[in-house]
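**Student:** Sharing model25.cif, mmCIF, C-alpha atoms:
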data_structure
loop_
_atom_site.label_atom_id
_atom_site.label_comp_id
_atom_site.auth_asym_id
_atom_site.auth_seq_id
_atom_site.Cartn_x
_atom_site.Cartn_y
_atom_site.Cartn_z
CA SER J 1 201.91 41.27 173.22
CA SER J 2 204.55 38.67 172.41
CA ALA J 3 206.27 39.23 175.76
CA TRP J 4 203.06 38.64 177.70
CA TYR J 5 202.22 35.53 175.67
CA ASN J 6 205.62 33.93 176.27
CA LEU J 7 205.54 34.70 179.98
CA ALA J 8 201.94 33.86 180.80
CA GLY J 9 199.89 33.64 177.61
CA ASN J 10 198.55 30.21 178.49
CA LEU J 11 198.59 27.88 181.48
CA VAL J 12 201.76 26.08 180.39
CA ASN J 13 203.67 29.31 179.84
CA LEU J 14 202.39 30.73 183.13
CA PHE J 15 203.36 27.60 185.08
CA ARG J 16 206.79 27.53 183.44
CA THR J 17 207.41 31.17 184.31
CA VAL J 18 206.29 30.67 187.92
CA CYS J 19 208.67 27.70 188.23
CA LEU J 20 211.55 29.60 186.66
CA TRP J 21 211.01 32.66 188.82
CA THR J 22 210.70 30.52 191.96
CA LEU J 23 214.00 28.83 191.19
CA ALA J 24 215.65 32.16 190.33
CA PHE J 25 214.46 33.77 193.58
CA VAL J 26 215.41 30.83 195.76
CA GLN J 27 218.90 30.34 194.32
CA THR J 28 220.07 33.80 195.41
CA PHE J 29 217.93 33.77 198.56
CA ASN J 30 219.59 30.50 199.54
CA PHE J 31 223.10 31.65 198.62
CA TYR J 32 222.90 34.76 200.75
CA GLY J 33 221.11 32.80 203.46
CA LEU J 34 224.09 30.48 203.75
CA MET J 35 226.32 33.53 204.04
CA LEU J 36 224.39 34.99 206.99
CA ASN J 37 226.90 33.37 209.31
CA ALA J 38 229.90 34.46 207.25
CA PRO J 39 230.99 37.14 209.78
CA VAL J 40 231.21 34.42 212.43
CA VAL J 41 233.42 32.32 210.19
CA PHE J 42 235.44 34.90 208.27
CA ARG J 43 236.31 37.28 211.10
CA VAL J 44 238.92 36.53 213.73
CA LYS J 45 237.97 37.92 217.12
CA GLN J 46 240.49 40.31 218.61
CA TYR J 47 240.94 40.75 222.36
CA ALA J 48 242.51 43.37 224.58
CA ASP J 49 245.67 42.67 226.57
CA ASP J 50 243.58 41.16 229.36
CA GLY J 51 242.58 38.36 226.98
CA VAL J 52 238.91 38.74 227.92
CA THR J 53 237.62 42.03 226.50
CA GLU J 54 236.76 41.70 222.83
CA LEU J 55 237.83 44.54 220.57
CA THR J 56 234.89 45.52 218.38
CA ASN J 57 236.68 48.35 216.59
CA LYS J 58 239.24 46.09 214.94
CA VAL J 59 238.32 43.69 212.16
CA VAL J 60 240.69 40.95 211.01
CA PHE J 61 239.62 38.54 208.29
CA ASP J 62 240.64 34.92 208.09
CA TYR J 63 241.50 34.63 204.42
CA ALA J 64 242.16 30.90 204.67
CA ALA J 65 238.56 30.37 205.81
CA ILE J 66 237.27 32.60 203.02
CA LEU J 67 239.24 30.61 200.42
CA ILE J 68 238.11 27.25 201.78
CA VAL J 69 234.41 28.11 201.96
CA ASN J 70 234.32 29.82 198.56
CA SER J 71 236.01 26.84 196.94
CA GLY J 72 232.69 25.08 197.45
CA ASP J 73 231.37 27.04 194.46
CA LEU J 74 234.03 25.50 192.23
CA VAL J 75 233.40 22.01 193.50
CA GLY J 76 229.63 22.38 193.18
CA ASN J 77 229.63 23.83 189.68
CA PHE J 78 232.21 21.32 188.43
CA SER J 79 230.12 18.47 189.86
CA ALA J 80 227.04 19.91 188.14
CA LEU J 81 228.98 20.11 184.86
CA LEU J 82 229.90 16.44 185.11
CA ALA J 83 226.26 15.59 185.81
CA LEU J 84 225.15 17.56 182.75
CA LYS J 85 227.73 15.81 180.58
CA SER J 86 226.23 12.50 181.67
CA LYS J 87 222.85 13.74 180.30
CA THR J 88 221.34 14.40 183.73
CA ASN J 89 218.33 16.73 183.51
CA PRO J 90 219.11 20.20 184.94
CA ARG J 91 215.79 20.04 186.80
CA SER J 92 216.92 16.96 188.69
CA ILE J 93 220.25 18.58 189.57
CA ALA J 94 218.57 21.74 190.88
CA ALA J 95 216.01 19.78 192.90
CA ALA J 96 218.64 17.45 194.39
CA CYS J 97 220.90 20.36 195.36
CA ALA J 98 217.98 22.20 196.97
CA ALA J 99 217.08 19.11 198.99
CA ILE J 100 220.70 18.63 200.12
CA SER J 101 220.99 22.30 201.10
CA VAL J 102 218.03 22.22 203.50
CA PRO J 103 219.69 20.37 206.42
CA MET J 104 222.92 22.37 206.00
CA LEU J 105 221.03 25.56 206.85
CA PHE J 106 220.33 24.28 210.35
CA VAL J 107 224.00 23.84 211.29
CA PRO J 108 224.16 27.14 213.26
CA LEU J 109 221.26 25.95 215.45
CA VAL J 110 223.14 22.84 216.61
CA PRO J 111 225.78 23.82 219.19
CA SER J 112 227.62 20.51 218.94
CA LEU J 113 228.17 21.10 215.21
CA ASN J 114 229.40 24.69 215.33
CA SER J 115 231.17 24.83 218.69
CA HIS J 116 234.53 24.58 216.94
CA ARG J 117 235.38 27.30 214.45
CA TRP J 118 237.06 25.13 211.83
CA GLY J 119 234.25 22.63 212.11
CA LEU J 120 231.86 25.42 211.14
CA VAL J 121 234.15 26.42 208.25
CA PHE J 122 234.06 22.84 206.96
CA LEU J 123 230.28 22.62 207.29
CA MET J 124 229.86 25.92 205.45
CA LEU J 125 232.05 24.50 202.70
CA ILE J 126 229.76 21.47 202.45
CA GLY J 127 226.76 23.79 202.36
CA ARG J 128 228.20 25.89 199.54
CA ILE J 129 228.77 22.88 197.26
CA PRO J 130 225.06 22.22 196.53
CA ALA J 131 224.15 25.93 196.70
CA ALA J 132 226.17 26.90 193.63
CA PRO J 133 224.61 24.47 191.09
CA ILE J 134 221.09 25.70 191.85
CA GLY J 135 222.03 29.06 190.38
CA ALA J 136 223.83 27.50 187.42
CA MET J 137 220.87 25.26 186.59
CA SER J 138 218.51 28.22 186.91
CA TRP J 139 220.48 30.09 184.25
CA ILE J 140 220.57 27.05 181.96
CA LEU J 141 216.82 26.47 182.23
CA ASN J 142 216.08 30.14 181.60
CA ALA J 143 218.21 30.05 178.46
CA VAL J 144 216.06 27.34 176.86
CA ALA J 145 212.67 28.28 178.29
CA TYR J 146 211.56 30.81 175.70
CA PRO J 147 211.75 31.22 171.91
CA THR J 148 214.97 32.73 170.57
CA LEU J 149 213.52 36.20 169.91
CA PHE J 150 212.27 36.46 173.50
CA ARG J 151 215.07 34.58 175.25
CA ALA J 152 217.09 37.61 176.42
CA THR J 153 213.98 39.35 177.76
CA GLY J 154 212.78 36.24 179.57
CA HIS J 155 216.23 35.67 181.02
CA GLY J 156 216.35 39.30 182.15
CA TRP J 157 213.03 39.05 183.98
CA ALA J 158 214.19 35.93 185.82
CA ASN J 159 217.47 37.60 186.74
CA ALA J 160 215.54 40.58 188.14
CA VAL J 161 213.51 38.21 190.32
CA ALA J 162 216.77 36.63 191.48
CA ARG J 163 218.01 40.04 192.62
CA PHE J 164 214.92 40.32 194.82
CA GLY J 165 215.99 37.06 196.42
CA ALA J 166 219.37 38.55 197.26
CA VAL J 167 217.82 41.73 198.66
CA THR J 168 215.32 39.77 200.75
CA ALA J 169 218.00 37.53 202.24
CA SER J 170 220.26 40.49 203.00
CA SER J 171 217.42 42.34 204.74
CA MET J 172 217.04 39.36 207.10
CA TYR J 173 220.63 39.66 208.34
CA SER J 174 219.67 40.95 211.79
CA MET J 175 216.87 38.43 212.20
CA PRO J 176 217.47 35.70 214.83
CA ALA J 177 218.84 32.53 213.26
CA ALA J 178 216.05 30.48 214.85
CA LEU J 179 213.59 32.45 212.70
CA SER J 180 215.53 33.17 209.50
CA ILE J 181 216.86 29.64 208.95
CA PRO J 182 213.42 27.95 208.78
CA ILE J 183 212.30 30.64 206.30
CA HIS J 184 215.26 29.86 204.06
CA ALA J 185 214.56 26.15 204.42
CA LEU J 186 210.94 26.62 203.32
CA ALA J 187 212.13 28.54 200.27
CA LEU J 188 214.44 25.67 199.32
CA VAL J 189 211.63 23.16 199.79
CA ALA J 190 209.49 25.24 197.40
CA ALA J 191 212.28 25.12 194.81
CA ILE J 192 212.21 21.31 194.65
CA PRO J 193 208.77 20.90 192.98
CA ALA J 194 209.40 24.09 190.96
CA ALA J 195 212.43 22.43 189.41
CA LEU J 196 211.01 18.93 189.01
CA PHE J 197 207.66 19.89 187.47
CA MET J 198 208.81 22.79 185.29
CA PRO J 199 207.40 22.31 181.75
CA LYS J 200 209.91 21.90 178.94
CA GLY J 201 211.14 25.11 177.38
CA ALA J 202 210.66 26.22 173.82
CA LEU J 203 214.27 25.43 172.90
CA GLU J 204 214.55 22.09 174.67
CA HIS J 205 214.76 18.85 172.75
CA GLY J 206 211.41 17.11 172.74
CA ALA J 207 209.45 20.21 173.70
CA PRO J 208 205.91 20.39 172.24
CA PRO J 209 205.55 22.64 169.17
CA LEU J 210 204.77 26.27 169.95
CA LYS J 211 201.38 27.67 169.12
CA GLY J 212 200.40 31.28 168.84
CA ARG J 213 202.81 34.22 168.91
CA ARG J 214 206.55 33.77 168.83
#
In structure tokens, how does this file's structure come out?

**Tutor:**
Amino acid sequence: SSAWYNLAGNLVNLFRTVCLWTLAFVQTFNFYGLMLNAPVVFRVKQYADDGVTELTNKVVFDYAAILIVNSGDLVGNFSALLALKSKTNPRSIAAACAAISVPMLFVPLVPSLNSHRWGLVFLMLIGRIPAAPIGAMSWILNAVAYPTLFRATGHGWANAVARFGAVTASSMYSMPAALSIPIHALALVAAIPAALFMPKGALEHGAPPLKGRR
């Protein structure tokens, strides 16, 4: 069928789809991975009158921390937009952001970096800046990967794979950080070659002419 051909009808289409799906999975897997420590940052611990006993039945959110960390999405996406306007290839942006995100994942494992709460808030902000453009570039690359008649279907498949990334990351919430963080780092490392070596899409300028079914 036309759908099968565009997804994996030949080696180029298959490799492109694998790269797109890898990037789609990793971008949500990474985003939710960065948020695994959100309760530590966004919740303010409450103590009993003795000042020692922590109250676990009362949750108070630090909305200033939430605002600061989430502003990283705006900064990251705006920076990616400027890079695109300067004709930077979306593949290069996605790969660079994935590479930058890797060391930021290990912040919770370094006591000297996260011993102070607002220091951790700042580092999470820095980590969110490169995390956001990976998702944006994934959507852009999916939009030009397939012929017009198949574009919505191809985009939908990639978005479904991305949802699996979110579910997988969320299911790892209770996993020790020493184990979950390296897994997220490996996923980001896999996204770098997936982005850099992804074949040109059917709707990209300079893409080879399509053969076979449309």

**Student:** Compute the distance from (225.6, 20.8, 199.7) to each atom, counting all atoms listed in the file, keep the residues with any atom at most 12 Å away, and return them as a PyMOL selection string; use the coordinates of the file.

**Tutor:** chain J and resi 30-31+34+69+72-73+75-77+79-80+93-105+122-134

**Student:** Write to file, as an mmCIF file, in the coordinates of the input, the residues of the selection just made, with C-alpha atoms.

**Tutor:**
data_model
loop_
_atom_site.group_PDB
_atom_site.id
_atom_site.type_symbol
_atom_site.label_atom_id
_atom_site.label_comp_id
_atom_site.auth_asym_id
_atom_site.auth_seq_id
_atom_site.Cartn_x
_atom_site.Cartn_y
_atom_site.Cartn_z
ATOM 1 C CA ASN J 30 219.590 30.500 199.540
ATOM 2 C CA PHE J 31 223.100 31.650 198.620
ATOM 3 C CA LEU J 34 224.090 30.480 203.750
ATOM 4 C CA VAL J 69 234.410 28.110 201.960
ATOM 5 C CA GLY J 72 232.690 25.080 197.450
ATOM 6 C CA ASP J 73 231.370 27.040 194.460
ATOM 7 C CA VAL J 75 233.400 22.010 193.500
ATOM 8 C CA GLY J 76 229.630 22.380 193.180
ATOM 9 C CA ASN J 77 229.630 23.830 189.680
ATOM 10 C CA SER J 79 230.120 18.470 189.860
ATOM 11 C CA ALA J 80 227.040 19.910 188.140
ATOM 12 C CA ILE J 93 220.250 18.580 189.570
ATOM 13 C CA ALA J 94 218.570 21.740 190.880
ATOM 14 C CA ALA J 95 216.010 19.780 192.900
ATOM 15 C CA ALA J 96 218.640 17.450 194.390
ATOM 16 C CA CYS J 97 220.900 20.360 195.360
ATOM 17 C CA ALA J 98 217.980 22.200 196.970
ATOM 18 C CA ALA J 99 217.080 19.110 198.990
ATOM 19 C CA ILE J 100 220.700 18.630 200.120
ATOM 20 C CA SER J 101 220.990 22.300 201.100
ATOM 21 C CA VAL J 102 218.030 22.220 203.500
ATOM 22 C CA PRO J 103 219.690 20.370 206.420
ATOM 23 C CA MET J 104 222.920 22.370 206.000
ATOM 24 C CA LEU J 105 221.030 25.560 206.850
ATOM 25 C CA PHE J 122 234.060 22.840 206.960
ATOM 26 C CA LEU J 123 230.280 22.620 207.290
ATOM 27 C CA MET J 124 229.860 25.920 205.450
ATOM 28 C CA LEU J 125 232.050 24.500 202.700
ATOM 29 C CA ILE J 126 229.760 21.470 202.450
ATOM 30 C CA GLY J 127 226.760 23.790 202.360
ATOM 31 C CA ARG J 128 228.200 25.890 199.540
ATOM 32 C CA ILE J 129 228.770 22.880 197.260
ATOM 33 C CA PRO J 130 225.060 22.220 196.530
ATOM 34 C CA ALA J 131 224.150 25.930 196.700
ATOM 35 C CA ALA J 132 226.170 26.900 193.630
ATOM 36 C CA PRO J 133 224.610 24.470 191.090
ATOM 37 C CA ILE J 134 221.090 25.700 191.850
#

**Student:** Using the chain letters and residue numbers of this document, give as JSON, numbers by chain the residues selected by the PyMOL selection byres ((chain J and resi 170-175) around 9).

**Tutor:** {"J": [29, 32, 33, 36, 37, 165, 166, 167, 168, 169, 176, 177, 178, 179, 180]}

**Student:** Of the residues J:Pro90, J:Gly201, J:Gly119, J:Pro182, which is the one nearest to J:Gly154, using all atoms listed in the file?

**Tutor:**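 Under the stated criterion, the closest residue is J:Gly201.
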
**Student:** Pick the closest to J:Ala136 from J:Ala64, J:Leu196, J:Leu84, J:Leu188: which is it, counting all atoms listed in the file?

**Tutor:**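 Nearest to J:Ala136: J:Leu84.
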
**Student:** From the list J:Pro147, J:His184, J:Cys19, J:Ser92, which residue is nearest J:Tyr5 when using all atoms listed in the file?

**Tutor:**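 Of the candidates, the smallest distance to J:Tyr5 is held by J:Pro147.
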
**Student:** In Å, rounded to a single decimal, give me how far atom CA of J:Ala191 is from atom CA of J:Leu23.

**Tutor:** 5.5 Å

**Student:** Just the residues within 9 Å of J:Val161, please, counting only C-alpha atoms, with nothing from its chain fewer than 2 positions along; format it as a list in words.

**Tutor:**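 With the cut-off at 9 Å, the set is Trp21, Thr22, Ala24, Phe25, Gly156, Trp157, Ala158, Asn159, Arg163, Phe164 and Gly165 of chain J.
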
**Student:** I need the residue nearest J:Leu186 from this list: J:Ala143, J:Leu14, J:Ala202, J:Val26. Use only C-alpha atoms for the distance.

**Tutor:**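 That would be J:Val26, the residue with the smallest distance to J:Leu186.
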